[in-house]
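Let me begin by presenting the structure, written as structure tokens, before commenting on it.
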Amino acid sequence: MQGSLQGKLCVITGGTDGIGLATACGLAARGARLLLIGKNPDKGAAATAKIGALAGQGSAEFLRADLSSQAEIHALAKQIHDRTSQIDVLINNAGGVFMKRQESVDGIEMTFAVNQIGYFLVTHLLLDLITKNPHARIVNVSSDLHKGPQLDFNDLQMRNGYSGMKAYGRSKLANILFSNELARRLQGQGVCVNSLHPGFVHSNFGQNNNFLIGRLISLSSGLFGISVEKGAETSIYLASAPEAAGISGKYFAHCRQVRPSPESQSEEAAARLWTECERLTGIKQ
Ligand SMILES: NC(=O)c1ccc[n+]([C@@H]2O[C@H](COP(=O)([O-])OP(=O)(O)OC[C@H]3O[C@@H](n4cnc5c(N)ncnc54)[C@H](OP(=O)(O)O)[C@@H]3O)[C@@H](O)[C@H]2O)c1
């Protein structure tokens, strides 16, 4: 099922913990060189050591960036440009849930900033390196929790009636809309862009919240969730499987194409979200 990634460079955001680290291990086992992005340098050191032991010293490098900060994403992109002239796989995976409304240093609601603006800006700033490989793949980790919510373009940042889970669901809906719009924009260039649901996974997800919420998420995912290795399977599949080559603008779970919500398929909402992301990041493409 899964192909070789020998000699390929894969960039994975949130590759230092949870599903992202398990994905990174799976990609390294297939021969990939990895750039792991995360906030916490200790986790970065532990992750590179783990992958080094698995696939050889130097097979993974950690780059620190807080993806809620646009300045840090710009600095990260520069560091990546200094290291390589081509990216073969980009996995936008870093994400979180924020039960209390907070804003990023750029004044953007935090869930939207990390989960959606982070995906958008990282991809935009690395696109010149990605399009160097006409068979490159972009993988956007979404969630089945995108089903139900709709985007409110009059209050994208939920200044009114904030709920952590609603903000999270909307950000994951935004991931699919973004993924599909990017796939449309890259049509004809060979680069494939897909989104996915990893499953309900027992990871460190939610631990940035208060102790009680963190414990609750951890207990329920411990009882009902799958392992991070299982949760990484669809990301690894989309990054490496020969069968996934040439497929773009689709949504996957369990390594299969599945049907996302009707809201996530709206081309109008996708185009509007794109314009909003451009405005919030000061980009015009
Ligand atoms: N767990 C689930 O059941 C589940 C279900 C559906 C979808 N997902 C999605 O899967 C993805 C991974 O989640 P997970 O469960 O693996 O979570 P996790 O265990 O909390 O890992 C999150 C990773 O993202 C990084 N990250 C988070 N915020 C960041 C920031 N501002 N800047 C840089 N890095 C950041 C973390 O690094 P630091 O610790 O250094 O910040 C860590 O490496 C997310 O997009 C999530 O929405 C998860």
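Going by the structure tokens order, chains are called A, B, ..., each with residues numbered from 1, while ligands are numbered from 1 in the order shown.
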### Task
Might you pull out every residue within 7 Å of region 175-183 of chain A, with only C-alpha atoms counted and same-chain residues fewer than 4 positions away left off, and present them as a ChimeraX atom specification?
/A:116,140,142,171,187,192-195,248-249,264-265,270-271,274
Would you mind listing, for every residue of region 231-253 of chain A within 12 Å of region 28-46 of chain A, the two atoms forming the shortest contact and the distance between them in Å to one decimal, using only C-alpha atoms, sorted by chain and ascending residue number, as JSON lines?
{"residue": "A:Ile236", "atom": "CA", "partner": "A:Arg30", "partner_atom": "CA", "distance": 9.6}
{"residue": "A:Tyr237", "atom": "CA", "partner": "A:Arg30", "partner_atom": "CA", "distance": 11.2}
{"residue": "A:Ala239", "atom": "CA", "partner": "A:Ala32", "partner_atom": "CA", "distance": 10.4}
{"residue": "A:Ser240", "atom": "CA", "partner": "A:Arg30", "partner_atom": "CA", "distance": 8.4}
{"residue": "A:Ala241", "atom": "CA", "partner": "A:Arg30", "partner_atom": "CA", "distance": 10.6}
### Message
as number ranges by chain, please: the residues near region 123-127 of chain A (cut-off 12 Å, only C-alpha atoms, same-chain neighbours under 3 positions excluded).
### Response
A: 10-13, 67, 70-82, 84-93, 116-120, 130-134, 136-140, 175, 178-179, 182, 185-186, 189, 191, 193, 274, 277-278, 281-285
### Task
Go through A:Ile108, A:Asn208, A:Ala94, A:Leu9 one by one, measure the shortest atom-to-atom distance of each to Glu61 (chain A) using only C-alpha atoms, and give the residue with the smallest value.
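Closest to Glu61 (chain A) of all the choices is A:Leu9.
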### Task
Could you give me the residues within region 44-276 of chain A that DSSP places in strand (DSSP E or B), as an MDAnalysis selection string?
chainID A and resid 60:64 89:92 103 109 137:141 192:197 201 226 251:253 256:257
Can you write out the residues you just picked, keeping N, CA and C atoms, as a PDB file, in the first residue's frame?
ATOM      1  N   ALA A  60      16.040  13.547  10.698  1.00  0.00           N
ATOM      2  CA  ALA A  60      15.024  14.553  11.042  1.00  0.00           C
ATOM      3  C   ALA A  60      15.695  15.768  11.683  1.00  0.00           C
ATOM      4  N   GLU A  61      15.182  16.919  11.339  1.00  0.00           N
ATOM      5  CA  GLU A  61      15.655  18.157  11.967  1.00  0.00           C
ATOM      6  C   GLU A  61      14.436  18.898  12.517  1.00  0.00           C
ATOM      7  N   PHE A  62      14.627  19.505  13.680  1.00  0.00           N
ATOM      8  CA  PHE A  62      13.540  20.266  14.312  1.00  0.00           C
ATOM      9  C   PHE A  62      13.719  21.755  14.037  1.00  0.00           C
ATOM     10  N   LEU A  63      12.635  22.397  13.645  1.00  0.00           N
ATOM     11  CA  LEU A  63      12.640  23.858  13.507  1.00  0.00           C
ATOM     12  C   LEU A  63      11.552  24.421  14.408  1.00  0.00           C
ATOM     13  N   ARG A  64      11.930  25.335  15.298  1.00  0.00           N
ATOM     14  CA  ARG A  64      10.959  25.868  16.249  1.00  0.00           C
ATOM     15  C   ARG A  64      10.185  27.040  15.668  1.00  0.00           C
ATOM     16  N   VAL A  89       6.777  16.710   0.243  1.00  0.00           N
ATOM     17  CA  VAL A  89       5.518  16.517   0.973  1.00  0.00           C
ATOM     18  C   VAL A  89       5.418  17.593   2.066  1.00  0.00           C
ATOM     19  N   LEU A  90       4.279  18.257   2.115  1.00  0.00           N
ATOM     20  CA  LEU A  90       3.985  19.142   3.253  1.00  0.00           C
ATOM     21  C   LEU A  90       2.769  18.576   3.965  1.00  0.00           C
ATOM     22  N   ILE A  91       2.907  18.338   5.258  1.00  0.00           N
ATOM     23  CA  ILE A  91       1.755  17.900   6.048  1.00  0.00           C
ATOM     24  C   ILE A  91       1.421  18.999   7.056  1.00  0.00           C
ATOM     25  N   ASN A  92       0.283  19.651   6.830  1.00  0.00           N
ATOM     26  CA  ASN A  92      -0.234  20.634   7.787  1.00  0.00           C
ATOM     27  C   ASN A  92      -1.017  19.854   8.835  1.00  0.00           C
ATOM     28  N   GLU A 103      -6.744  35.491  21.807  1.00  0.00           N
ATOM     29  CA  GLU A 103      -6.281  35.974  20.510  1.00  0.00           C
ATOM     30  C   GLU A 103      -4.777  35.789  20.378  1.00  0.00           C
ATOM     31  N   GLU A 109      -8.405  35.256  16.531  1.00  0.00           N
ATOM     32  CA  GLU A 109      -8.884  34.214  17.460  1.00  0.00           C
ATOM     33  C   GLU A 109      -7.968  32.993  17.323  1.00  0.00           C
ATOM     34  N   ARG A 137       3.035  16.440  -2.744  1.00  0.00           N
ATOM     35  CA  ARG A 137       1.737  16.228  -2.085  1.00  0.00           C
ATOM     36  C   ARG A 137       1.603  17.158  -0.883  1.00  0.00           C
ATOM     37  N   ILE A 138       0.416  17.703  -0.753  1.00  0.00           N
ATOM     38  CA  ILE A 138       0.093  18.510   0.424  1.00  0.00           C
ATOM     39  C   ILE A 138      -1.051  17.800   1.148  1.00  0.00           C
ATOM     40  N   VAL A 139      -0.857  17.574   2.441  1.00  0.00           N
ATOM     41  CA  VAL A 139      -1.834  16.824   3.240  1.00  0.00           C
ATOM     42  C   VAL A 139      -2.302  17.732   4.376  1.00  0.00           C
ATOM     43  N   ASN A 140      -3.597  17.943   4.469  1.00  0.00           N
ATOM     44  CA  ASN A 140      -4.148  18.823   5.500  1.00  0.00           C
ATOM     45  C   ASN A 140      -4.963  18.004   6.497  1.00  0.00           C
ATOM     46  N   VAL A 141      -4.514  17.984   7.737  1.00  0.00           N
ATOM     47  CA  VAL A 141      -5.209  17.191   8.750  1.00  0.00           C
ATOM     48  C   VAL A 141      -6.412  17.995   9.265  1.00  0.00           C
ATOM     49  N   CYS A 192      -0.697  17.405  -5.626  1.00  0.00           N
ATOM     50  CA  CYS A 192      -1.977  16.923  -5.083  1.00  0.00           C
ATOM     51  C   CYS A 192      -2.201  17.481  -3.681  1.00  0.00           C
ATOM     52  N   VAL A 193      -3.424  17.853  -3.402  1.00  0.00           N
ATOM     53  CA  VAL A 193      -3.781  18.424  -2.101  1.00  0.00           C
ATOM     54  C   VAL A 193      -5.013  17.690  -1.579  1.00  0.00           C
ATOM     55  N   ASN A 194      -4.913  17.091  -0.417  1.00  0.00           N
ATOM     56  CA  ASN A 194      -6.064  16.389   0.154  1.00  0.00           C
ATOM     57  C   ASN A 194      -6.165  16.656   1.654  1.00  0.00           C
ATOM     58  N   SER A 195      -7.345  16.401   2.189  1.00  0.00           N
ATOM     59  CA  SER A 195      -7.554  16.572   3.628  1.00  0.00           C
ATOM     60  C   SER A 195      -8.029  15.246   4.214  1.00  0.00           C
ATOM     61  N   LEU A 196      -8.020  15.167   5.541  1.00  0.00           N
ATOM     62  CA  LEU A 196      -8.328  13.875   6.162  1.00  0.00           C
ATOM     63  C   LEU A 196      -8.824  14.009   7.586  1.00  0.00           C
ATOM     64  N   HIS A 197      -9.482  12.949   8.019  1.00  0.00           N
ATOM     65  CA  HIS A 197      -9.842  12.749   9.430  1.00  0.00           C
ATOM     66  C   HIS A 197      -8.970  11.611   9.954  1.00  0.00           C
ATOM     67  N   VAL A 201      -8.276  10.084  18.448  1.00  0.00           N
ATOM     68  CA  VAL A 201      -6.941   9.571  18.757  1.00  0.00           C
ATOM     69  C   VAL A 201      -6.519   9.939  20.177  1.00  0.00           C
ATOM     70  N   ILE A 226      -8.171   5.752  19.409  1.00  0.00           N
ATOM     71  CA  ILE A 226      -7.200   4.827  18.820  1.00  0.00           C
ATOM     72  C   ILE A 226      -5.787   5.335  19.128  1.00  0.00           C
ATOM     73  N   TYR A 251     -11.349  14.158   0.450  1.00  0.00           N
ATOM     74  CA  TYR A 251     -11.306  14.005   1.912  1.00  0.00           C
ATOM     75  C   TYR A 251     -11.215  12.521   2.229  1.00  0.00           C
ATOM     76  N   PHE A 252     -10.331  12.166   3.149  1.00  0.00           N
ATOM     77  CA  PHE A 252     -10.055  10.756   3.435  1.00  0.00           C
ATOM     78  C   PHE A 252     -10.217  10.434   4.929  1.00  0.00           C
ATOM     79  N   ALA A 253     -10.530   9.183   5.203  1.00  0.00           N
ATOM     80  CA  ALA A 253     -10.464   8.609   6.555  1.00  0.00           C
ATOM     81  C   ALA A 253     -10.182   7.125   6.364  1.00  0.00           C
ATOM     82  N   ARG A 256      -9.103   5.817   3.014  1.00  0.00           N
ATOM     83  CA  ARG A 256     -10.075   5.728   1.904  1.00  0.00           C
ATOM     84  C   ARG A 256     -10.722   7.087   1.709  1.00  0.00           C
ATOM     85  N   GLN A 257     -11.109   7.334   0.462  1.00  0.00           N
ATOM     86  CA  GLN A 257     -11.838   8.572   0.196  1.00  0.00           C
ATOM     87  C   GLN A 257     -13.227   8.451   0.806  1.00  0.00           C
TER      88      GLN A 257
END
### Query
Quick one: distance from CA of Gly199 (chain A) to CA of Ser227 (chain A) in Å, one decimal?
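That distance, rounded to one decimal, is 9.4 Å.
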### Message
Can you tell me, as a list in words, which residues in region 110-164 of chain A count as helix (DSSP H, G or I) by DSSP?
### Response
Met110, Thr111, Phe112, Ala113, Val114, Asn115, Gln116, Ile117, Gly118, Tyr119, Phe120, Leu121, Val122, Thr123, His124, Leu125, Leu126, Leu127, Asp128, Leu129, Ile130, Asp144, Leu145, His146 and Gly164 of chain A
### Message
When you count only C-alpha atoms, which of these residues is closest to Asn115 (chain A): A:Ser68, A:Gln150, A:Ser220, A:Gln102?
### Response
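For Asn115 (chain A), the nearest of the given residues is A:Ser68.
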### Message
Nearest residue to ligand 1 out of A:Gly222, A:Gly148, A:Pro242, A:Gly161, using only C-alpha atoms and all ligand atoms?
### Response
A:Gly222
### Query
Between CA of His202 (chain A) and CA of Ile19 (chain A), what is the distance, to one decimal in Å?
8.9 Å
### Message
Applying 6 Å and only C-alpha atoms, which residues near Gly169 (chain A) remain after dropping the ones on its own chain fewer than 3 positions away? List them as JSON, numbers by chain.
### Response
{"A": [145, 146, 166, 172]}
Write a file of the selected residues as an mmCIF file, in the first residue's frame, keeping N, CA and C atoms.
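Result written to again_25.cif:
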data_model
loop_
_atom_site.group_PDB
_atom_site.id
_atom_site.type_symbol
_atom_site.label_atom_id
_atom_site.label_comp_id
_atom_site.auth_asym_id
_atom_site.auth_seq_id
_atom_site.Cartn_x
_atom_site.Cartn_y
_atom_site.Cartn_z
ATOM 1 N N LEU A 145 -15.095 16.371 13.027
ATOM 2 C CA LEU A 145 -15.835 17.400 13.774
ATOM 3 C C LEU A 145 -16.132 18.626 12.908
ATOM 4 N N HIS A 146 -15.688 18.586 11.656
ATOM 5 C CA HIS A 146 -16.077 19.681 10.730
ATOM 6 C C HIS A 146 -17.547 19.544 10.361
ATOM 7 N N LYS A 166 -17.107 24.694 19.066
ATOM 8 C CA LYS A 166 -17.646 25.266 17.831
ATOM 9 C C LYS A 166 -16.512 25.895 17.006
ATOM 10 N N LYS A 172 -11.819 23.246 11.455
ATOM 11 C CA LYS A 172 -11.586 22.003 10.708
ATOM 12 C C LYS A 172 -12.388 21.985 9.411
#
